>>> print(open('model-v3.cif').read())   # mmCIF, C-alpha atoms and all ligand atoms
data_structure
#
loop_
_atom_site.label_atom_id
_atom_site.label_comp_id
_atom_site.auth_asym_id
_atom_site.auth_seq_id
_atom_site.Cartn_x
_atom_site.Cartn_y
_atom_site.Cartn_z
CA MET A 1 0.00 0.00 0.00
CA ILE A 2 1.45 3.36 -1.07
CA SER A 3 -0.29 6.34 0.48
CA TYR A 4 -0.43 9.53 -1.57
CA LYS A 5 0.54 11.35 1.62
CA GLU A 6 4.00 9.77 1.49
CA LEU A 7 4.34 11.09 -2.05
CA GLY A 8 3.55 14.70 -1.11
CA LEU A 9 0.25 14.75 -3.03
CA SER A 10 -3.01 16.35 -1.81
CA ASN A 11 -6.61 15.15 -1.85
CA THR A 12 -9.29 17.53 -3.13
CA LYS A 13 -11.11 18.36 0.11
CA GLU A 14 -9.59 21.68 1.10
CA LEU A 15 -8.86 22.69 -2.50
CA PHE A 16 -12.53 22.37 -3.50
CA GLN A 17 -13.79 24.22 -0.41
CA LYS A 18 -11.50 27.14 -1.24
CA ALA A 19 -12.40 27.05 -4.94
CA VAL A 20 -16.16 27.11 -4.33
CA LYS A 21 -15.79 30.00 -1.86
CA GLY A 22 -13.34 31.85 -4.07
CA GLY A 23 -15.34 31.54 -7.30
CA TYR A 24 -12.73 29.73 -9.36
CA ALA A 25 -12.15 26.20 -10.67
CA ILE A 26 -9.12 23.96 -10.31
CA PRO A 27 -7.71 22.72 -13.61
CA ALA A 28 -7.86 18.96 -14.19
CA TYR A 29 -5.41 18.30 -17.02
CA ASN A 30 -4.95 14.79 -18.43
CA PHE A 31 -1.45 13.45 -18.94
CA ASN A 32 0.02 10.39 -20.65
CA ASN A 33 3.69 11.28 -20.98
CA MET A 34 6.59 13.32 -19.64
CA GLU A 35 6.21 16.37 -21.88
CA GLN A 36 2.55 16.81 -20.88
CA MET A 37 3.42 16.49 -17.20
CA GLN A 38 6.26 18.99 -17.52
CA ALA A 39 4.02 21.49 -19.32
CA ILE A 40 1.27 21.16 -16.72
CA ILE A 41 3.64 21.65 -13.78
CA GLN A 42 5.58 24.49 -15.41
CA ALA A 43 2.35 26.32 -16.26
CA CYS A 44 0.81 25.80 -12.83
CA VAL A 45 3.96 26.77 -10.94
CA GLU A 46 4.39 29.92 -13.06
CA THR A 47 0.75 30.91 -12.48
CA LYS A 48 0.77 29.66 -8.85
CA SER A 49 -2.25 27.45 -9.47
CA PRO A 50 -3.22 24.23 -7.69
CA VAL A 51 -3.59 21.38 -10.17
CA ILE A 52 -5.23 18.01 -10.65
CA LEU A 53 -3.10 15.59 -12.69
CA GLN A 54 -5.60 13.33 -14.38
CA VAL A 55 -4.96 9.74 -15.48
CA SER A 56 -7.52 7.84 -17.58
CA SER A 57 -7.54 4.08 -17.92
CA GLY A 58 -6.36 4.67 -21.50
CA ALA A 59 -3.40 6.58 -20.08
CA ARG A 60 -2.64 3.72 -17.68
CA LYS A 61 -2.59 1.28 -20.58
CA TYR A 62 -0.51 3.59 -22.78
CA ALA A 63 2.12 4.69 -20.29
CA ASN A 64 2.01 2.10 -17.48
CA SER A 65 0.33 3.08 -14.24
CA THR A 66 3.46 2.71 -12.10
CA LEU A 67 5.42 5.07 -14.34
CA LEU A 68 2.59 7.62 -14.25
CA ARG A 69 2.49 7.49 -10.47
CA TYR A 70 6.25 7.98 -10.23
CA MET A 71 5.88 10.91 -12.62
CA ALA A 72 3.29 12.48 -10.31
CA GLN A 73 5.59 11.86 -7.36
CA GLY A 74 8.37 13.51 -9.35
CA ALA A 75 6.04 16.40 -10.17
CA VAL A 76 5.86 17.31 -6.47
CA GLN A 77 9.65 17.63 -6.33
CA TYR A 78 9.80 19.27 -9.76
CA ALA A 79 7.39 22.03 -8.67
CA LYS A 80 9.61 22.76 -5.66
CA GLU A 81 12.66 22.91 -7.90
CA LEU A 82 10.85 25.35 -10.17
CA GLY A 83 10.36 27.54 -7.11
CA TYR A 84 6.82 27.05 -5.80
CA ALA A 85 5.27 24.02 -4.06
CA ILE A 86 1.77 24.05 -5.57
CA PRO A 87 -0.81 21.52 -4.29
CA ILE A 88 -0.90 18.54 -6.69
CA VAL A 89 -3.70 15.97 -6.81
CA LEU A 90 -3.27 12.64 -8.63
CA HIS A 91 -6.73 11.67 -9.88
CA LEU A 92 -8.17 8.67 -11.71
CA ASP A 93 -10.35 9.94 -14.57
CA HIS A 94 -13.48 7.91 -15.43
CA GLY A 95 -12.83 4.89 -13.23
CA ASP A 96 -15.40 2.29 -14.22
CA THR A 97 -14.99 -0.44 -11.60
CA PHE A 98 -14.39 -0.71 -7.85
CA GLU A 99 -11.27 -2.78 -8.55
CA LEU A 100 -9.69 -0.08 -10.72
CA CYS A 101 -10.41 2.61 -8.11
CA LYS A 102 -9.00 0.40 -5.34
CA ASP A 103 -5.86 -0.31 -7.36
CA CYS A 104 -5.29 3.43 -7.80
CA ILE A 105 -5.98 4.18 -4.12
CA ASP A 106 -3.53 1.41 -3.11
CA ASN A 107 -0.91 2.87 -5.42
CA GLY A 108 -0.67 6.51 -4.49
CA PHE A 109 -3.68 8.25 -6.05
CA SER A 110 -5.21 10.94 -3.86
CA SER A 111 -8.52 11.13 -5.71
CA VAL A 112 -10.59 8.82 -7.91
CA MET A 113 -13.62 9.21 -10.13
CA ILE A 114 -16.10 6.38 -10.17
CA ASP A 115 -18.19 6.90 -13.26
CA GLY A 116 -21.36 4.92 -12.68
CA SER A 117 -23.40 7.23 -14.88
CA HIS A 118 -24.04 4.51 -17.44
CA HIS A 119 -25.63 2.22 -14.87
CA SER A 120 -29.14 2.53 -13.48
CA TYR A 121 -29.55 5.14 -10.75
CA GLU A 122 -29.63 2.45 -8.02
CA GLU A 123 -26.57 0.63 -9.40
CA ASN A 124 -24.69 3.93 -9.70
CA ILE A 125 -25.43 4.63 -6.01
CA ALA A 126 -24.34 1.14 -4.89
CA LEU A 127 -21.08 1.20 -6.89
CA THR A 128 -20.22 4.79 -5.92
CA LYS A 129 -20.92 4.11 -2.23
CA LYS A 130 -18.63 1.07 -2.26
CA VAL A 131 -15.78 3.15 -3.72
CA VAL A 132 -16.42 5.98 -1.24
CA GLU A 133 -16.24 3.62 1.75
CA TYR A 134 -12.86 2.25 0.64
CA ALA A 135 -11.49 5.64 -0.45
CA HIS A 136 -12.51 7.53 2.68
CA ALA A 137 -10.86 4.89 4.87
CA HIS A 138 -7.64 6.10 3.20
CA ASP A 139 -8.52 9.81 3.12
CA VAL A 140 -8.84 9.71 -0.68
CA SER A 141 -11.45 11.91 -2.42
CA VAL A 142 -14.16 10.53 -4.69
CA GLU A 143 -15.91 12.13 -7.66
CA GLY A 144 -19.22 10.60 -8.78
CA GLU A 145 -21.29 11.35 -11.87
CA LEU A 146 -24.98 11.84 -12.54
CA GLY A 147 -26.21 12.38 -16.07
CA VAL A 148 -24.49 11.23 -19.25
CA LEU A 149 -22.30 13.36 -21.51
CA ALA A 150 -22.59 12.92 -25.24
CA GLY A 151 -19.53 11.52 -26.99
CA VAL A 152 -16.97 9.04 -25.77
CA GLU A 153 -16.33 8.72 -22.04
CA ASP A 154 -13.12 6.76 -22.07
CA GLU A 155 -14.22 3.17 -22.57
CA VAL A 156 -17.92 3.79 -22.13
CA SER A 157 -19.58 5.56 -25.00
CA SER A 158 -22.86 7.37 -25.33
CA ALA A 159 -24.30 8.78 -28.51
CA VAL A 160 -26.62 11.26 -26.84
CA SER A 161 -26.41 13.31 -23.70
CA HIS A 162 -28.81 12.99 -20.79
CA TYR A 163 -28.74 16.10 -18.68
CA THR A 164 -28.37 15.63 -14.94
CA LYS A 165 -31.74 15.56 -13.20
CA PRO A 166 -31.55 18.14 -10.40
CA GLU A 167 -34.15 16.23 -8.38
CA GLU A 168 -31.67 13.31 -8.01
CA VAL A 169 -28.55 15.13 -6.81
CA GLU A 170 -29.36 15.57 -3.12
CA ASP A 171 -30.35 11.93 -2.69
CA PHE A 172 -27.28 10.74 -4.64
CA VAL A 173 -24.84 12.85 -2.64
CA LYS A 174 -26.41 11.82 0.67
CA LYS A 175 -26.58 8.10 -0.12
CA THR A 176 -23.09 7.79 -1.64
CA GLY A 177 -21.04 10.24 0.46
CA VAL A 178 -19.13 11.49 -2.62
CA ASP A 179 -16.89 14.55 -2.30
CA SER A 180 -17.77 16.04 -5.69
CA LEU A 181 -20.27 15.48 -8.46
CA ALA A 182 -19.74 15.55 -12.23
CA ILE A 183 -22.84 16.78 -14.03
CA SER A 184 -24.10 16.93 -17.59
CA ILE A 185 -25.26 20.37 -18.76
CA GLY A 186 -24.27 20.31 -22.42
CA THR A 187 -20.52 19.70 -22.49
CA SER A 188 -19.13 16.56 -24.13
CA HIS A 189 -15.79 14.88 -24.70
CA GLY A 190 -13.53 15.31 -27.71
CA ALA A 191 -13.00 18.01 -30.35
CA ASN A 192 -16.39 17.72 -32.09
CA LYS A 193 -18.81 18.73 -29.38
CA PHE A 194 -21.48 20.21 -31.63
CA LYS A 195 -22.61 19.78 -35.19
CA PRO A 196 -22.47 22.99 -37.27
CA GLU A 197 -26.24 22.82 -37.76
CA GLN A 198 -26.69 23.10 -33.97
CA CYS A 199 -24.75 26.40 -34.00
CA THR A 200 -25.50 29.96 -35.07
CA ARG A 201 -23.07 32.36 -36.78
CA ASN A 202 -21.99 35.57 -35.05
CA THR A 203 -21.32 38.84 -36.90
CA GLU A 204 -17.76 37.70 -37.72
CA GLY A 205 -19.11 34.49 -39.23
CA ILE A 206 -17.81 32.34 -36.37
CA LEU A 207 -19.95 29.38 -35.31
CA VAL A 208 -21.43 29.84 -31.84
CA PRO A 209 -22.67 26.64 -30.15
CA PRO A 210 -25.89 26.43 -28.12
CA PRO A 211 -25.31 27.70 -24.56
CA LEU A 212 -24.68 25.36 -21.65
CA ARG A 213 -27.73 24.62 -19.47
CA PHE A 214 -26.95 27.06 -16.68
CA ASP A 215 -30.56 26.72 -15.54
CA ILE A 216 -29.85 23.07 -14.61
CA LEU A 217 -26.63 24.09 -12.84
CA GLU A 218 -28.52 26.73 -10.82
CA GLU A 219 -31.20 24.23 -9.87
CA ILE A 220 -28.50 21.78 -8.72
CA GLU A 221 -26.79 24.50 -6.66
CA LYS A 222 -30.08 25.30 -4.95
CA ARG A 223 -30.51 21.69 -3.93
CA ILE A 224 -26.93 21.08 -2.71
CA PRO A 225 -25.60 24.58 -1.85
CA GLY A 226 -21.82 24.88 -1.89
CA PHE A 227 -21.30 21.26 -2.94
CA PRO A 228 -18.33 20.85 -5.33
CA ILE A 229 -19.46 20.37 -8.93
CA VAL A 230 -17.27 19.06 -11.78
CA LEU A 231 -17.48 19.79 -15.50
CA HIS A 232 -16.09 17.22 -17.90
CA GLY A 233 -15.72 17.80 -21.63
CA SER A 234 -14.62 21.41 -21.17
CA SER A 235 -12.18 21.96 -24.00
CA SER A 236 -12.79 25.09 -26.07
CA VAL A 237 -11.21 23.74 -29.29
CA PRO A 238 -9.38 26.98 -30.23
CA GLN A 239 -9.93 27.64 -33.92
CA ASP A 240 -6.43 29.02 -34.43
CA GLN A 241 -5.02 25.62 -33.40
CA VAL A 242 -7.45 23.77 -35.68
CA LYS A 243 -6.36 26.07 -38.51
CA VAL A 244 -2.66 25.33 -37.97
CA ILE A 245 -3.35 21.59 -37.86
CA ASN A 246 -5.29 21.73 -41.14
CA GLN A 247 -2.77 24.13 -42.74
CA TYR A 248 0.00 21.57 -42.15
CA GLY A 249 -1.77 18.52 -43.52
CA GLY A 250 -4.25 17.66 -40.76
CA LYS A 251 -7.90 17.02 -41.31
CA MET A 252 -10.06 18.26 -38.50
CA VAL A 253 -13.60 18.82 -39.71
CA ASP A 254 -16.31 20.68 -37.80
CA ALA A 255 -14.22 20.86 -34.62
CA ILE A 256 -16.23 22.96 -32.16
CA GLY A 257 -15.76 23.40 -28.39
CA ILE A 258 -17.19 25.18 -25.36
CA PRO A 259 -16.71 28.97 -25.51
CA GLU A 260 -14.30 30.22 -22.85
CA ASP A 261 -16.71 32.81 -21.47
CA GLU A 262 -19.17 30.04 -20.59
CA LEU A 263 -16.47 28.16 -18.71
CA ARG A 264 -15.46 31.33 -16.90
CA LYS A 265 -19.07 31.79 -15.84
CA ALA A 266 -19.24 28.16 -14.67
CA ALA A 267 -15.97 28.52 -12.72
CA LYS A 268 -17.48 31.39 -10.73
CA SER A 269 -20.27 29.07 -9.53
CA ALA A 270 -20.04 25.84 -7.52
CA VAL A 271 -18.13 24.30 -10.45
CA CYS A 272 -14.70 23.83 -8.86
CA LYS A 273 -13.04 21.32 -11.20
CA ILE A 274 -12.88 21.70 -14.97
CA ASN A 275 -11.55 18.83 -17.11
CA ILE A 276 -9.48 19.67 -20.16
CA ASP A 277 -7.73 17.14 -22.37
CA SER A 278 -8.62 17.72 -26.04
CA ASP A 279 -7.28 21.31 -26.15
CA GLY A 280 -3.90 20.02 -25.03
CA ARG A 281 -3.95 17.39 -27.75
CA LEU A 282 -4.72 20.07 -30.34
CA ALA A 283 -1.92 22.35 -29.14
CA MET A 284 0.65 19.54 -29.25
CA THR A 285 -0.52 18.30 -32.64
CA ALA A 286 -0.46 21.79 -34.16
CA ALA A 287 3.09 22.42 -32.91
CA ILE A 288 4.39 19.03 -34.07
CA ARG A 289 2.74 19.31 -37.49
CA GLU A 290 4.27 22.73 -37.96
CA VAL A 291 7.78 21.45 -37.23
CA PHE A 292 7.32 18.44 -39.52
CA ALA A 293 6.07 20.65 -42.36
CA THR A 294 8.49 23.55 -42.00
CA LYS A 295 11.63 21.65 -40.93
CA PRO A 296 11.39 18.35 -42.80
CA SER A 297 15.00 17.41 -42.10
CA GLU A 298 14.49 17.40 -38.29
CA PHE A 299 14.50 13.96 -36.76
CA ASP A 300 15.44 14.63 -33.13
CA PRO A 301 12.22 14.08 -31.11
CA ARG A 302 13.24 16.93 -28.79
CA LYS A 303 12.98 19.31 -31.75
CA TYR A 304 9.26 18.64 -32.11
CA LEU A 305 8.27 17.49 -28.62
CA GLY A 306 9.98 20.58 -27.17
CA PRO A 307 7.84 23.06 -29.17
CA ALA A 308 4.79 20.90 -28.40
CA ARG A 309 5.57 21.15 -24.69
CA ASP A 310 6.01 24.93 -24.94
CA ALA A 311 2.67 25.28 -26.77
CA LEU A 312 0.99 23.19 -24.09
CA LYS A 313 2.49 25.25 -21.28
CA ASP A 314 1.34 28.46 -22.93
CA LEU A 315 -2.20 27.07 -23.35
CA TYR A 316 -2.45 25.97 -19.70
CA LYS A 317 -1.13 29.27 -18.37
CA LYS A 318 -3.80 31.13 -20.35
CA LYS A 319 -6.49 28.73 -19.11
CA ASN A 320 -5.48 29.21 -15.47
CA ILE A 321 -5.37 33.00 -15.78
CA ASN A 322 -8.26 33.78 -18.13
CA VAL A 323 -10.70 30.89 -17.89
CA LEU A 324 -10.49 28.96 -14.62
CA GLY A 325 -9.36 31.83 -12.42
CA SER A 326 -7.06 29.45 -10.54
CA ALA A 327 -3.93 31.59 -10.99
CA ASN A 328 -2.49 32.86 -7.67
CA GLN A 329 -4.73 30.53 -5.66
CA ALA A 330 -2.02 28.05 -4.66
O1 LIG A 401 -12.54 11.81 -20.83
C1 LIG A 401 -11.64 11.28 -21.45
C2 LIG A 401 -10.27 11.88 -21.44
O2 LIG A 401 -10.15 12.86 -22.44
C3 LIG A 401 -9.26 10.80 -21.54
O3 LIG A 401 -9.18 10.29 -22.82
O4 LIG A 401 -9.40 7.82 -22.56
O5 LIG A 401 -8.33 8.82 -24.59
O6 LIG A 401 -7.17 8.86 -22.38
P1 LIG A 401 -8.48 8.85 -23.11
P1 LIG A 402 -12.32 17.35 -23.33
O1 LIG A 402 -12.37 16.24 -24.33
O2 LIG A 402 -13.35 18.40 -23.62
O3 LIG A 402 -10.97 17.93 -23.17
O4 LIG A 402 -12.74 16.72 -21.89
C1 LIG A 402 -11.81 16.00 -21.12
C2 LIG A 402 -12.43 15.30 -19.97
O5 LIG A 402 -13.56 15.51 -19.60
C3 LIG A 402 -11.61 14.31 -19.25
O6 LIG A 402 -12.32 13.63 -18.28
ZN ZN A 403 -14.36 13.27 -18.74
#
>>> encode(input="model-v3.cif", output="structure tokens", more="lines below")
Ligand code: G3H
Ligand code: 13P
Ligand code: ZN
Amino acid sequence: MISYKELGLSNTKELFQKAVKGGYAIPAYNFNNMEQMQAIIQACVETKSPVILQVSSGARKYANSTLLRYMAQGAVQYAKELGYAIPIVLHLDHGDTFELCKDCIDNGFSSVMIDGSHHSYEENIALTKKVVEYAHAHDVSVEGELGVLAGVEDEVSSAVSHYTKPEEVEDFVKKTGVDSLAISIGTSHGANKFKPEQCTRNTEGILVPPPLRFDILEEIEKRIPGFPIVLHGSSSVPQDQVKVINQYGGKMVDAIGIPEDELRKAAKSAVCKINIDSDGRLAMTAAIREVFATKPSEFDPRKYLGPARDALKDLYKKKNINVLGSANQA
């Protein structure tokens, strides 16, 4: 048994309380490799932001879970070396079984998500409660989910979204004992969150997606005041990045994300954790494609992974400062 406390990591308890009170959200950035982890830590140290390092089961398969945990342990030391010991959470993203959550808790994770949203309401409660009992015995935080996001949720996919039913949240939180709740109010995973026909065009001809269901969020907040809420699928899919990718041989069609002003508005509410993965993928891909296209004789991976890392760091710094409001909160 490796406790996250021995590794210098934090659980989410205090961080979420402060974020809800302070009207900001803590970034939850996914990572699969060293460059992503370096970019996240550099950006969060430079902006003095707490951070949640997020590991999906796909990431565990890709990179090896032991290596990822050592990387997170290294991140604690790395932040200190960079000059500021920010709080770092190591979180399992979209855990789908008790066994997976337990394995993470036993191996240094300070927070886990149990995503029972694809089960029946009763089964979701039973599974989530079981994870909470084990996690809380080790002072590990648990995120549950009610409502289904459209798109692909790691290994569980859903073609349509089912918004969270506000009338269920109080009962769910009480019966499971979760520390935070992921909800569905119109966000979805990936880079194609909306179809162009769902959007309108603004005066500059830019596609504007339908707004998030803030009415559902407000109703949820009324029923569980001050309870930490999580937004998945919160990439904004910056069009300048999409353009660079397509300019240098990529093919991203109808890539549309969540406008940043909507996320800023959400961050000011009880939403205290915002999950971003796809935007990082876009930034890295754009930077790498540009190097490959403009410097075709380069073959040193550092010459394209380095610019990708810099682009990622720049993106995360801007998110922390302008969107999440987490800068200077560490
Ligand atoms: O919600 C899913 C995250 O973006 C992780 O994606 O399963 O491809 O690692 P992944
Ligand atoms: P995006 O695909 O919008 O980045 O969402 C990531 C996410 O929710 C990870 O759990
Ligand atoms: Zn997610």
>>> residues_near_ligand(input="model-v3.cif", ligand="ligand ZN 403 (chain A)", cutoff="9 Å", atoms="all atoms listed in the file", output="PyMOL selection string")
chain A and resi 56+93-94+149+152-154+182+188-189+231-234+275-277
>>> closest_residue(input="model-v3.cif", among="A:Asp179, A:Asp115, A:Glu290, A:Glu6", to="ligand LIG 401 (chain A)", atoms="all atoms listed in the file")
A:Asp115
>>> closest_residue(input="model-v3.cif", among="A:Lys319, A:Lys165, A:His136, A:Arg264", to="A:Cys44", atoms="all atoms listed in the file")
A:Lys319
>>> closest_residue(input="model-v3.cif", among="A:Val131, A:Val45, A:Met113, A:Val142", to="A:Lys13", atoms="all atoms listed in the file")
A:Val142
>>> residues_near_point(input="model-v3.cif", point="(2.6, 18.0, -20.1)", cutoff="10 Å", atoms="all atoms listed in the file", output="list in words")
Tyr29, Asn30, Phe31, Asn32, Asn33, Met34, Glu35, Gln36, Met37, Gln38, Ala39, Ile40, Ile41, Gln42, Ala43, Leu53, Gly280, Met284, Ala308, Arg309, Asp310, Ala311, Leu312, Lys313 and Tyr316 of chain A
>>> closest_residue(input="model-v3.cif", among="A:Ile52, A:Leu7, A:Cys199, A:Ala126", to="A:Gly74", atoms="only C-alpha atoms")
A:Leu7
>>> closest_residue(input="model-v3.cif", among="A:Asn328, A:Arg201, A:Gln17, A:Lys174", to="A:Ala270", atoms="only C-alpha atoms")
A:Gln17
>>> build_atoms(input="model-v3.cif", residues="stretch 61-90 of chain A", atoms="N, CA and C atoms", output="PDB file, in the coordinates of the input")
ATOM      1  N   LYS A  61      -2.978   2.328 -19.622  1.00  0.00           N
ATOM      2  CA  LYS A  61      -2.590   1.280 -20.580  1.00  0.00           C
ATOM      3  C   LYS A  61      -1.430   1.762 -21.453  1.00  0.00           C
ATOM      4  N   TYR A  62      -1.507   3.042 -21.860  1.00  0.00           N
ATOM      5  CA  TYR A  62      -0.510   3.590 -22.780  1.00  0.00           C
ATOM      6  C   TYR A  62       0.859   3.706 -22.109  1.00  0.00           C
ATOM      7  N   ALA A  63       0.839   4.278 -20.882  1.00  0.00           N
ATOM      8  CA  ALA A  63       2.120   4.690 -20.290  1.00  0.00           C
ATOM      9  C   ALA A  63       2.614   3.785 -19.167  1.00  0.00           C
ATOM     10  N   ASN A  64       1.750   2.929 -18.653  1.00  0.00           N
ATOM     11  CA  ASN A  64       2.010   2.100 -17.480  1.00  0.00           C
ATOM     12  C   ASN A  64       1.700   2.897 -16.208  1.00  0.00           C
ATOM     13  N   SER A  65       0.832   2.332 -15.398  1.00  0.00           N
ATOM     14  CA  SER A  65       0.330   3.080 -14.240  1.00  0.00           C
ATOM     15  C   SER A  65       1.426   3.372 -13.221  1.00  0.00           C
ATOM     16  N   THR A  66       2.382   2.468 -13.067  1.00  0.00           N
ATOM     17  CA  THR A  66       3.460   2.710 -12.100  1.00  0.00           C
ATOM     18  C   THR A  66       4.315   3.893 -12.541  1.00  0.00           C
ATOM     19  N   LEU A  67       4.608   3.944 -13.834  1.00  0.00           N
ATOM     20  CA  LEU A  67       5.420   5.070 -14.340  1.00  0.00           C
ATOM     21  C   LEU A  67       4.674   6.387 -14.151  1.00  0.00           C
ATOM     22  N   LEU A  68       3.359   6.369 -14.402  1.00  0.00           N
ATOM     23  CA  LEU A  68       2.590   7.620 -14.250  1.00  0.00           C
ATOM     24  C   LEU A  68       2.597   8.075 -12.795  1.00  0.00           C
ATOM     25  N   ARG A  69       2.478   7.113 -11.893  1.00  0.00           N
ATOM     26  CA  ARG A  69       2.490   7.490 -10.470  1.00  0.00           C
ATOM     27  C   ARG A  69       3.852   8.055 -10.059  1.00  0.00           C
ATOM     28  N   TYR A  70       4.920   7.435 -10.542  1.00  0.00           N
ATOM     29  CA  TYR A  70       6.250   7.980 -10.230  1.00  0.00           C
ATOM     30  C   TYR A  70       6.414   9.376 -10.833  1.00  0.00           C
ATOM     31  N   MET A  71       5.800   9.579 -11.991  1.00  0.00           N
ATOM     32  CA  MET A  71       5.880  10.910 -12.620  1.00  0.00           C
ATOM     33  C   MET A  71       5.172  11.949 -11.744  1.00  0.00           C
ATOM     34  N   ALA A  72       4.027  11.556 -11.190  1.00  0.00           N
ATOM     35  CA  ALA A  72       3.290  12.480 -10.310  1.00  0.00           C
ATOM     36  C   ALA A  72       4.087  12.761  -9.045  1.00  0.00           C
ATOM     37  N   GLN A  73       4.731  11.696  -8.537  1.00  0.00           N
ATOM     38  CA  GLN A  73       5.590  11.860  -7.360  1.00  0.00           C
ATOM     39  C   GLN A  73       6.738  12.819  -7.710  1.00  0.00           C
ATOM     40  N   GLY A  74       7.297  12.628  -8.880  1.00  0.00           N
ATOM     41  CA  GLY A  74       8.370  13.510  -9.350  1.00  0.00           C
ATOM     42  C   GLY A  74       7.877  14.932  -9.545  1.00  0.00           C
ATOM     43  N   ALA A  75       6.609  15.067  -9.925  1.00  0.00           N
ATOM     44  CA  ALA A  75       6.040  16.400 -10.170  1.00  0.00           C
ATOM     45  C   ALA A  75       6.047  17.244  -8.902  1.00  0.00           C
ATOM     46  N   VAL A  76       5.862  16.579  -7.751  1.00  0.00           N
ATOM     47  CA  VAL A  76       5.860  17.310  -6.470  1.00  0.00           C
ATOM     48  C   VAL A  76       7.241  17.948  -6.254  1.00  0.00           C
ATOM     49  N   GLN A  77       8.275  17.144  -6.491  1.00  0.00           N
ATOM     50  CA  GLN A  77       9.650  17.630  -6.330  1.00  0.00           C
ATOM     51  C   GLN A  77       9.989  18.662  -7.412  1.00  0.00           C
ATOM     52  N   TYR A  78       9.529  18.387  -8.617  1.00  0.00           N
ATOM     53  CA  TYR A  78       9.800  19.270  -9.760  1.00  0.00           C
ATOM     54  C   TYR A  78       9.231  20.670  -9.508  1.00  0.00           C
ATOM     55  N   ALA A  79       8.007  20.724  -8.965  1.00  0.00           N
ATOM     56  CA  ALA A  79       7.390  22.030  -8.670  1.00  0.00           C
ATOM     57  C   ALA A  79       8.250  22.804  -7.671  1.00  0.00           C
ATOM     58  N   LYS A  80       8.749  22.096  -6.663  1.00  0.00           N
ATOM     59  CA  LYS A  80       9.610  22.760  -5.660  1.00  0.00           C
ATOM     60  C   LYS A  80      10.880  23.289  -6.329  1.00  0.00           C
ATOM     61  N   GLU A  81      11.442  22.472  -7.206  1.00  0.00           N
ATOM     62  CA  GLU A  81      12.660  22.910  -7.900  1.00  0.00           C
ATOM     63  C   GLU A  81      12.406  24.128  -8.779  1.00  0.00           C
ATOM     64  N   LEU A  82      11.189  24.194  -9.321  1.00  0.00           N
ATOM     65  CA  LEU A  82      10.850  25.350 -10.170  1.00  0.00           C
ATOM     66  C   LEU A  82      10.540  26.587  -9.316  1.00  0.00           C
ATOM     67  N   GLY A  83      10.445  26.371  -8.003  1.00  0.00           N
ATOM     68  CA  GLY A  83      10.360  27.540  -7.110  1.00  0.00           C
ATOM     69  C   GLY A  83       9.061  27.726  -6.359  1.00  0.00           C
ATOM     70  N   TYR A  84       8.062  26.837  -6.541  1.00  0.00           N
ATOM     71  CA  TYR A  84       6.820  27.050  -5.800  1.00  0.00           C
ATOM     72  C   TYR A  84       6.094  25.717  -5.606  1.00  0.00           C
ATOM     73  N   ALA A  85       5.882  25.326  -4.359  1.00  0.00           N
ATOM     74  CA  ALA A  85       5.270  24.020  -4.060  1.00  0.00           C
ATOM     75  C   ALA A  85       3.742  24.108  -4.153  1.00  0.00           C
ATOM     76  N   ILE A  86       3.224  24.014  -5.365  1.00  0.00           N
ATOM     77  CA  ILE A  86       1.770  24.050  -5.570  1.00  0.00           C
ATOM     78  C   ILE A  86       1.132  22.737  -5.078  1.00  0.00           C
ATOM     79  N   PRO A  87      -0.143  22.785  -4.625  1.00  0.00           N
ATOM     80  CA  PRO A  87      -0.810  21.520  -4.290  1.00  0.00           C
ATOM     81  C   PRO A  87      -1.066  20.715  -5.565  1.00  0.00           C
ATOM     82  N   ILE A  88      -0.720  19.432  -5.528  1.00  0.00           N
ATOM     83  CA  ILE A  88      -0.900  18.540  -6.690  1.00  0.00           C
ATOM     84  C   ILE A  88      -1.743  17.336  -6.277  1.00  0.00           C
ATOM     85  N   VAL A  89      -2.812  17.110  -7.037  1.00  0.00           N
ATOM     86  CA  VAL A  89      -3.700  15.970  -6.810  1.00  0.00           C
ATOM     87  C   VAL A  89      -3.430  14.961  -7.930  1.00  0.00           C
ATOM     88  N   LEU A  90      -3.359  13.682  -7.587  1.00  0.00           N
ATOM     89  CA  LEU A  90      -3.270  12.640  -8.630  1.00  0.00           C
ATOM     90  C   LEU A  90      -4.612  11.925  -8.664  1.00  0.00           C
TER      91      LEU A  90
END
